[in-house]
There are 2 protein chains.
Amino acid sequence: MSLYYEKKLNREVLKMHNFTYFAPTKLYFGKNVIENLGSEIKALGDKVLLVYGGGSIKKTGIYNVIKEQLQGCEVFELSGVDPNPRVTSVNQGAALCKQHGIEVVLAVGGGSVMDCSKAICAAAKYAGDDAWDLVKNSSLVKEALPLICVVTIAATGSEFDCGGVISNLSTNEKMGLVNPHLWPKVSFIDPSYTCSVSKYQTTAGSCDIMSHYMEQYFTTGVNDIGDGFLETELKTVIKYTPAALENGNDYEARAHLMWAATLGCNRMASLGNDPSIFVCHAIEHELSAFHDITHGIGLAIITPKVMRYILNDKSVNKLAQFAHNVMHVENSGDAYADAKAGISALEKFFASIGVPEGLSKIGVDDTHFKAMAEHACAYNPLHKAFIPLNESDVEAILRQSL
Amino acid sequence: MSLYYEKKLNREVLKMHNFTYFAPTKLYFGKNVIENLGSEIKALGDKVLLVYGGGSIKKTGIYNVIKEQLQGCEVFELSGVDPNPRVTSVNQGAALCKQHGIEVVLAVGGGSVMDCSKAICAAAKYAGDDAWDLVKNSSLVKEALPLICVVTIAATGSEFDCGGVISNLSTNEKMGLVNPHLWPKVSFIDPSYTCSVSKYQTTAGSCDIMSHYMEQYFTTGVNDIGDGFLETELKTVIKYTPAALENGNDYEARAHLMWAATLGCNRMASLGNDPSIFVCHAIEHELSAFHDITHGIGLAIITPKVMRYILNDKSVNKLAQFAHNVMHVENSGDAYADAKAGISALEKFFASIGVPEGLSKIGVDDTHFKAMAEHACAYNPLHKAFIPLNESDVEAILRQSL
């Protein structure tokens, strides 16, 4: 009754790769940790750019709590940062930083606000006018303003990584900006802030969290510690999402989802595994870029389709391991059958938490599929993925996801 | 076939606690990562104190590789650091630092060398003459020299935490020094350096690693992510220690043990769990202080005895969970029976990797048991442990471990 899939003993599969790890963000996790914001921010400066989204933080009262912590600081604000944050917001924020001599950026919100703020921190120290230059070529980032994050949704894990995703609506592009200068100095992670998150956004957040771990899981060289961590996180999200949907105020459920989110994107959980290509993210970024859909929902719709598409002799054992160790599929001895059962179980789970059945249900048609496939392959090395994909593969997956 | 022990759904047990996490050490993990030592050390300074132990690094050739990386630096040496490192070595190292204006300390070795070096880094910046002051009262540590570690054995995880354990043979005391100034700046972790570690020391190292995780596992408030991580690490050590003993050059086995060691002591794997008291460590430190035995071996002898001693209605479910999820004991439905079977399986595992049967086999008699029990309870809040222990409990455990 080994908890590890037997095939793991196959030394051809098992391999601990070299890696470098440096995650210098200080995390405050738990109820009321915001009490430490004032002293942490004043240690970095007292001219602050406060960045937030559509104003839900005013409804929930978080805005007032933050302002109290900022007493004694000179505070400028950039509000209205959209989901799939725009480079136009980044440029606006960077201009404010340059104009007012901002010393520290404070992001209060979800992934969009944190990602936008990271790009602002970089752009504020960039001589050029257009932050899109940095997104296109992250090596131009030589320094950045210090960033503090206050997280309000369990999803992207932006509070504990050094990357962000920025959209350019004028070119239908959505791309990642990753640079070691962009680690937040401090992140405040209070799961009770997520209790007011809607059911739809809770579901979308959980799908995003799961995708981050699945993207790291399906790869070639792996190690037992990485796989054990990734399976733990996936099971945790599957267990606690229904509880959080049933009772939004279930603190333990929110706390498990929040902590799973925070560890999701800095590869801590998969160190030593073969660094994987985030295939589903690459494809979904195109859907969001062309249709501005909710990232996590897009991911949940396409992920099982990608799994089914890549099922072959190379991937079958890992997909079966996923079925056994994450989706609680009994080991039948037939790896293909179990892999398929695992994918179906994942689809059923997503449906149970309210993910729409297909892209057509969220307003996506096939008009831009060809362009999306071209972009996805142009901006991401999908030919180096666990199971390599080309443009026609991506287009086929998109069609199967309709 | 849930991978989580069903009792975990009991919300009285399950609890995600507040925590702060900040682990600002840069890790280089893998073969030949030492190539980056020169540039990392020169970024911190060029007057270096090189600290090492009995000279095995000269036999293995690591010494020469290090010296090559240190070309251009002014290097002073402190060698001969003993297992269970002495405060006398710390004072000697600190005096060298003060005398020569050392800018960075380079520890090359195992836990003893790294722990001694941490204390040297603190003592070098302390106005007093005796580092034991700092061990007795870590709040006296206000700053410290920067430390770089090169690890040569998978055991303590000192390369990725901010604490060390120092012995004072004149008073038979062995105590921890923990302070946030003592995080290594950079740690170089090349598993191939551990291929030459003897079978006995490999076993002792694995026992130490397992103990770190078990000490974090047996506690009250827990969360699924913490427990999943801890179980993953324990299973990994149980799986790979026999492989490393069978073939010392099995890189994958060494790499798994090494990475498990590195994550063992900074509580990363149990964040959100109720911070636990390291009960077995508290007791073993007394054994080492009085008898200078090998730390990991002492731990392995007493751990199953502690488990059996604390087995009661409060601990039985967690001990049964350990049996099911770590020791592969089938769930019989009888938690007490399964808990006992898990403890026996652990004892059998330790015996299989060469741990002696009892303390009497490693030269310990009961002469000092009373004093040890007094010290253990005086220096550690064992009355606040998962199952609270007093002096007579500790003495009884020691007698049962003979």
# chains A, B, ... in the order shown; residues from 1 in each chain; ligands from 1
call {"tool": "interface_residues", "arguments": {"of": "chain A", "to": "chain B", "cutoff": "9 Å", "atoms": "only C-alpha atoms", "output": "PyMOL selection string"}}
result
chain A and resi 1-3+11+14-31+33+190+223-229+231-233+235-236+251-252+255-256+259-260+272+325-326+328-330
call {"tool": "residues_around", "arguments": {"residues": "Leu402 in chain A", "least_positions_apart": "2", "cutoff": "8 Å", "atoms": "only C-alpha atoms", "output": "PyMOL selection string"}}
result
chain A and resi 358-360+364-366+398-400
call {"tool": "write_last_selection", "arguments": {"atoms": "N, CA, C and O atoms", "output": "JSON list (two decimals), in the first residue's frame"}}
result
[["chain", "number", "residue", "atom", "x", "y", "z"],
["A", 358, "GLY", "N", -17.67, 24.45, -21.29],
["A", 358, "GLY", "CA", -16.78, 24.68, -22.42],
["A", 358, "GLY", "C", -16.63, 26.16, -22.70],
["A", 358, "GLY", "O", -17.32, 27.00, -22.10],
["A", 359, "LEU", "N", -15.69, 26.46, -23.57],
["A", 359, "LEU", "CA", -15.39, 27.87, -23.87],
["A", 359, "LEU", "C", -16.60, 28.60, -24.46],
["A", 359, "LEU", "O", -16.78, 29.80, -24.23],
["A", 360, "SER", "N", -17.43, 27.87, -25.21],
["A", 360, "SER", "CA", -18.59, 28.52, -25.83],
["A", 360, "SER", "C", -19.54, 29.07, -24.77],
["A", 360, "SER", "O", -20.26, 30.02, -25.02],
["A", 364, "VAL", "N", -16.68, 32.51, -25.86],
["A", 364, "VAL", "CA", -15.54, 32.36, -26.77],
["A", 364, "VAL", "C", -15.98, 31.55, -27.99],
["A", 364, "VAL", "O", -16.61, 30.50, -27.84],
["A", 365, "ASP", "N", -15.70, 32.05, -29.19],
["A", 365, "ASP", "CA", -15.90, 31.22, -30.38],
["A", 365, "ASP", "C", -14.55, 30.99, -31.05],
["A", 365, "ASP", "O", -13.52, 31.40, -30.52],
["A", 366, "ASP", "N", -14.59, 30.33, -32.20],
["A", 366, "ASP", "CA", -13.30, 29.90, -32.78],
["A", 366, "ASP", "C", -12.65, 30.94, -33.70],
["A", 366, "ASP", "O", -11.65, 30.64, -34.34],
["A", 398, "LEU", "N", -7.86, 23.89, -28.47],
["A", 398, "LEU", "CA", -8.85, 24.96, -28.33],
["A", 398, "LEU", "C", -10.21, 24.52, -28.88],
["A", 398, "LEU", "O", -11.25, 24.73, -28.27],
["A", 399, "ARG", "N", -10.18, 23.86, -30.04],
["A", 399, "ARG", "CA", -11.45, 23.39, -30.63],
["A", 399, "ARG", "C", -12.11, 22.34, -29.74],
["A", 399, "ARG", "O", -13.33, 22.34, -29.56],
["A", 400, "GLN", "N", -11.29, 21.47, -29.17],
["A", 400, "GLN", "CA", -11.85, 20.44, -28.29],
["A", 400, "GLN", "C", -12.39, 21.03, -26.99],
["A", 400, "GLN", "O", -13.14, 20.39, -26.25]]
call {"tool": "atom_distance", "arguments": {"atom1": "CA of Cys116 in chain A", "atom2": "CA of Cys149 in chain A"}}
result
11.4 Å
call {"tool": "select_by_dssp", "arguments": {"residues": "range 90-223 of chain A", "states": "helix (DSSP H, G or I)", "output": "ChimeraX atom specification"}}
result
/A:90-100,111-123,132-136,138-140,158-160,180-182,191-194,199-217
call {"tool": "residues_around", "arguments": {"residues": "Asp208 in chain A", "least_positions_apart": "5", "cutoff": "7 Å", "atoms": "only C-alpha atoms", "output": "PyMOL selection string"}}
result
chain A and resi 155-156+296+299
call {"tool": "select_by_dssp", "arguments": {"residues": "range 160-366 of chain B", "states": "strand (DSSP E)", "output": "ChimeraX atom specification"}}
result
/B:163-168,173-178,186-189
call {"tool": "write_last_selection", "arguments": {"atoms": "all heavy atoms", "output": "tab-separated table (two decimals), in the first residue's frame"}}
result
chain	number	residue	atom	x	y	z
B	163	GLY	N	19.65	28.76	13.36
B	163	GLY	CA	19.99	28.30	14.70
B	163	GLY	C	21.17	27.35	14.70
B	163	GLY	O	21.56	26.80	13.66
B	164	GLY	N	21.74	27.14	15.86
B	164	GLY	CA	22.82	26.19	16.03
B	164	GLY	C	22.78	25.65	17.45
B	164	GLY	O	22.11	26.21	18.31
B	165	VAL	N	23.48	24.55	17.66
B	165	VAL	CA	23.52	23.94	18.99
B	165	VAL	C	24.97	23.88	19.43
B	165	VAL	O	25.83	23.38	18.70
B	165	VAL	CB	22.89	22.53	18.98
B	165	VAL	CG1	22.96	21.92	20.37
B	165	VAL	CG2	21.44	22.60	18.51
B	166	ILE	N	25.24	24.40	20.61
B	166	ILE	CA	26.61	24.51	21.11
B	166	ILE	C	26.71	23.78	22.45
B	166	ILE	O	25.79	23.81	23.26
B	166	ILE	CB	27.00	26.00	21.30
B	166	ILE	CG1	26.80	26.78	19.98
B	166	ILE	CG2	28.45	26.14	21.79
B	166	ILE	CD1	27.67	26.33	18.83
B	167	SER	N	27.86	23.12	22.66
B	167	SER	CA	28.06	22.36	23.89
B	167	SER	C	29.09	23.04	24.78
B	167	SER	O	30.06	23.63	24.29
B	167	SER	CB	28.55	20.94	23.56
B	167	SER	OG	27.53	20.19	22.95
B	168	ASN	N	28.85	22.93	26.05
B	168	ASN	CA	29.80	23.44	27.04
B	168	ASN	C	30.20	22.26	27.91
B	168	ASN	O	29.46	21.86	28.81
B	168	ASN	CB	29.13	24.53	27.88
B	168	ASN	CG	30.12	25.25	28.76
B	168	ASN	OD1	31.14	24.67	29.15
B	168	ASN	ND2	29.83	26.49	29.08
B	173	GLU	N	26.54	21.15	29.44
B	173	GLU	CA	25.35	21.76	28.85
B	173	GLU	C	25.46	21.74	27.32
B	173	GLU	O	26.53	21.92	26.77
B	173	GLU	CB	25.19	23.21	29.35
B	173	GLU	CG	24.78	23.28	30.81
B	173	GLU	CD	24.70	24.72	31.31
B	173	GLU	OE1	25.74	25.42	31.25
B	173	GLU	OE2	23.63	25.14	31.76
B	174	LYS	N	24.31	21.53	26.67
B	174	LYS	CA	24.24	21.57	25.21
B	174	LYS	C	22.97	22.35	24.89
B	174	LYS	O	21.87	21.90	25.20
B	174	LYS	CB	24.18	20.15	24.64
B	174	LYS	CG	24.10	20.09	23.12
B	174	LYS	CD	24.21	18.65	22.59
B	174	LYS	CE	24.07	18.64	21.07
B	174	LYS	NZ	24.23	17.31	20.48
B	175	MET	N	23.13	23.51	24.31
B	175	MET	CA	21.96	24.39	24.14
B	175	MET	C	21.92	25.02	22.76
B	175	MET	O	22.93	25.19	22.09
B	175	MET	CB	22.00	25.49	25.20
B	175	MET	CG	21.78	24.97	26.62
B	175	MET	SD	22.06	26.26	27.85
B	175	MET	CE	20.65	27.32	27.57
B	176	GLY	N	20.70	25.40	22.38
B	176	GLY	CA	20.50	26.01	21.07
B	176	GLY	C	20.70	27.51	21.12
B	176	GLY	O	20.37	28.17	22.11
B	177	LEU	N	21.23	28.05	20.01
B	177	LEU	CA	21.33	29.50	19.83
B	177	LEU	C	20.57	29.82	18.55
B	177	LEU	O	20.97	29.40	17.46
B	177	LEU	CB	22.80	29.92	19.70
B	177	LEU	CG	23.07	31.35	19.23
B	177	LEU	CD1	22.47	32.36	20.18
B	177	LEU	CD2	24.58	31.59	19.10
B	178	VAL	N	19.44	30.50	18.69
B	178	VAL	CA	18.59	30.81	17.53
B	178	VAL	C	18.42	32.32	17.45
B	178	VAL	O	18.06	32.95	18.46
B	178	VAL	CB	17.21	30.13	17.65
B	178	VAL	CG1	16.35	30.46	16.44
B	178	VAL	CG2	17.35	28.63	17.82
B	186	VAL	N	24.32	32.42	1.89
B	186	VAL	CA	24.27	31.47	0.77
B	186	VAL	C	24.67	30.10	1.30
B	186	VAL	O	25.56	30.00	2.15
B	186	VAL	CB	25.28	31.88	-0.35
B	186	VAL	CG1	25.04	31.05	-1.60
B	186	VAL	CG2	25.21	33.36	-0.67
B	187	SER	N	23.98	29.06	0.80
B	187	SER	CA	24.41	27.69	1.12
B	187	SER	C	24.61	26.90	-0.17
B	187	SER	O	23.77	26.97	-1.08
B	187	SER	CB	23.39	26.99	2.02
B	187	SER	OG	23.49	27.48	3.35
B	188	PHE	N	25.72	26.20	-0.21
B	188	PHE	CA	26.05	25.35	-1.36
B	188	PHE	C	25.82	23.90	-0.95
B	188	PHE	O	26.42	23.42	0.02
B	188	PHE	CB	27.51	25.56	-1.77
B	188	PHE	CG	27.75	26.93	-2.33
B	188	PHE	CD1	28.10	27.99	-1.50
B	188	PHE	CD2	27.57	27.18	-3.68
B	188	PHE	CE1	28.29	29.26	-2.00
B	188	PHE	CE2	27.76	28.46	-4.19
B	188	PHE	CZ	28.12	29.51	-3.35
B	189	ILE	N	24.94	23.24	-1.68
B	189	ILE	CA	24.47	21.92	-1.27
B	189	ILE	C	24.68	20.97	-2.44
B	189	ILE	O	23.84	20.87	-3.34
B	189	ILE	CB	22.97	22.00	-0.89
B	189	ILE	CG1	22.74	23.12	0.13
B	189	ILE	CG2	22.49	20.66	-0.36
B	189	ILE	CD1	21.29	23.58	0.22
call {"tool": "residues_around", "arguments": {"residues": "range 52-54 of chain B", "least_positions_apart": "3", "cutoff": "7 Å", "atoms": "only C-alpha atoms", "output": "VMD selection string"}}
result
chain B and resid 78 to 82 107 to 109 113
call {"tool": "closest_residue", "arguments": {"among": "A:His375, A:Arg308, A:Lys340, A:Lys314", "to": "Glu395 in chain A", "atoms": "only C-alpha atoms"}}
result
A:His375
call {"tool": "residues_around", "arguments": {"residues": "Gly110 in chain B", "least_positions_apart": "5", "cutoff": "7 Å", "atoms": "only C-alpha atoms", "output": "JSON, numbers by chain"}}
result
{"B": [151, 152, 153]}
call {"tool": "residues_around", "arguments": {"residues": "Asn249 in chain B", "least_positions_apart": "3", "cutoff": "8 Å", "atoms": "only C-alpha atoms", "output": "VMD selection string"}}
result
chain B and resid 192 195 to 196 244 254
call {"tool": "residues_around", "arguments": {"residues": "Asp393 in chain A", "least_positions_apart": "5", "cutoff": "12 Å", "atoms": "only C-alpha atoms", "output": "list in words"}}
result
Val279, Ile283, Lys305, Val306, Tyr309, Ile310, Phe369, Lys370, Met372, Ala373, Glu374, Ala376, Cys377, Leu382, His383, Ile387, Pro388, Leu398, Arg399 and Gln400 of chain A
call {"tool": "decode", "arguments": {"residues": "range 97-177 of chain A", "atoms": "C-alpha atoms", "output": "short mmCIF file (atom, residue, chain, number, x, y, z; two decimals), in the first residue's frame"}}
result
data_model
loop_
_atom_site.label_atom_id
_atom_site.label_comp_id
_atom_site.auth_asym_id
_atom_site.auth_seq_id
_atom_site.Cartn_x
_atom_site.Cartn_y
_atom_site.Cartn_z
CA CYS A 97 6.05 57.17 -8.99
CA LYS A 98 8.41 59.29 -11.04
CA GLN A 99 6.38 62.47 -10.55
CA HIS A 100 6.05 62.17 -6.78
CA GLY A 101 9.27 60.42 -5.83
CA ILE A 102 7.45 57.35 -4.52
CA GLU A 103 9.62 55.20 -2.21
CA VAL A 104 7.47 52.10 -1.83
CA VAL A 105 4.55 50.55 -3.70
CA LEU A 106 1.74 48.93 -1.71
CA ALA A 107 -0.43 46.50 -3.67
CA VAL A 108 -3.77 45.62 -2.07
CA GLY A 109 -5.76 43.06 -4.00
CA GLY A 110 -5.43 39.87 -6.01
CA GLY A 111 -3.05 38.74 -8.71
CA SER A 112 -3.94 41.51 -11.13
CA VAL A 113 -3.16 44.26 -8.64
CA MET A 114 0.04 42.57 -7.44
CA ASP A 115 1.22 41.85 -10.99
CA CYS A 116 0.46 45.39 -12.12
CA SER A 117 2.33 46.71 -9.07
CA LYS A 118 5.40 44.60 -9.78
CA ALA A 119 5.54 46.06 -13.28
CA ILE A 120 5.06 49.55 -11.82
CA CYS A 121 8.00 48.97 -9.43
CA ALA A 122 10.19 48.06 -12.40
CA ALA A 123 8.89 50.76 -14.73
CA ALA A 124 9.35 53.45 -12.08
CA LYS A 125 13.09 52.81 -12.29
CA TYR A 126 13.14 52.52 -16.10
CA ALA A 127 14.20 55.54 -18.13
CA GLY A 128 11.81 54.76 -21.00
CA ASP A 129 8.13 55.74 -21.09
CA ASP A 130 6.52 52.44 -22.00
CA ALA A 131 6.57 49.52 -19.57
CA TRP A 132 5.77 47.22 -22.47
CA ASP A 133 9.48 47.39 -23.32
CA LEU A 134 10.17 45.60 -20.02
CA VAL A 135 7.49 42.97 -20.60
CA LYS A 136 8.99 42.27 -24.00
CA ASN A 137 12.53 42.12 -22.58
CA SER A 138 12.76 41.57 -18.84
CA SER A 139 16.55 41.90 -18.86
CA LEU A 140 15.98 45.66 -19.12
CA VAL A 141 14.86 45.54 -15.45
CA LYS A 142 18.00 46.55 -13.54
CA GLU A 143 16.33 47.75 -10.34
CA ALA A 144 12.85 48.25 -8.91
CA LEU A 145 11.03 50.09 -6.17
CA PRO A 146 10.32 47.95 -3.08
CA LEU A 147 6.90 46.29 -3.09
CA ILE A 148 4.62 45.27 -0.24
CA CYS A 149 1.57 43.10 -0.97
CA VAL A 150 -1.69 42.70 0.92
CA VAL A 151 -3.54 39.75 -0.61
CA THR A 152 -7.33 39.62 -0.87
CA ILE A 153 -7.91 36.42 -2.87
CA ALA A 154 -6.38 32.94 -2.93
CA ALA A 155 -5.23 32.46 -6.49
CA THR A 156 -2.07 33.53 -8.24
CA GLY A 157 0.58 33.29 -5.55
CA SER A 158 1.97 36.60 -6.82
CA GLU A 159 2.60 37.51 -3.20
CA PHE A 160 5.46 35.00 -3.12
CA ASP A 161 7.07 35.06 -6.54
CA CYS A 162 8.96 37.51 -8.71
CA GLY A 163 6.75 37.54 -11.78
CA GLY A 164 3.60 39.11 -13.12
CA VAL A 165 1.43 38.89 -16.21
CA ILE A 166 0.54 42.04 -18.11
CA SER A 167 -1.93 42.50 -20.99
CA ASN A 168 -1.68 44.80 -23.97
CA LEU A 169 -5.18 45.17 -25.37
CA SER A 170 -3.97 47.15 -28.35
CA THR A 171 -1.99 44.14 -29.60
CA ASN A 172 -4.04 41.33 -27.99
CA GLU A 173 -0.93 40.24 -26.12
CA LYS A 174 -0.71 38.89 -22.56
CA MET A 175 2.79 38.16 -21.37
CA GLY A 176 4.79 37.40 -18.26
CA LEU A 177 7.39 39.70 -16.71
#
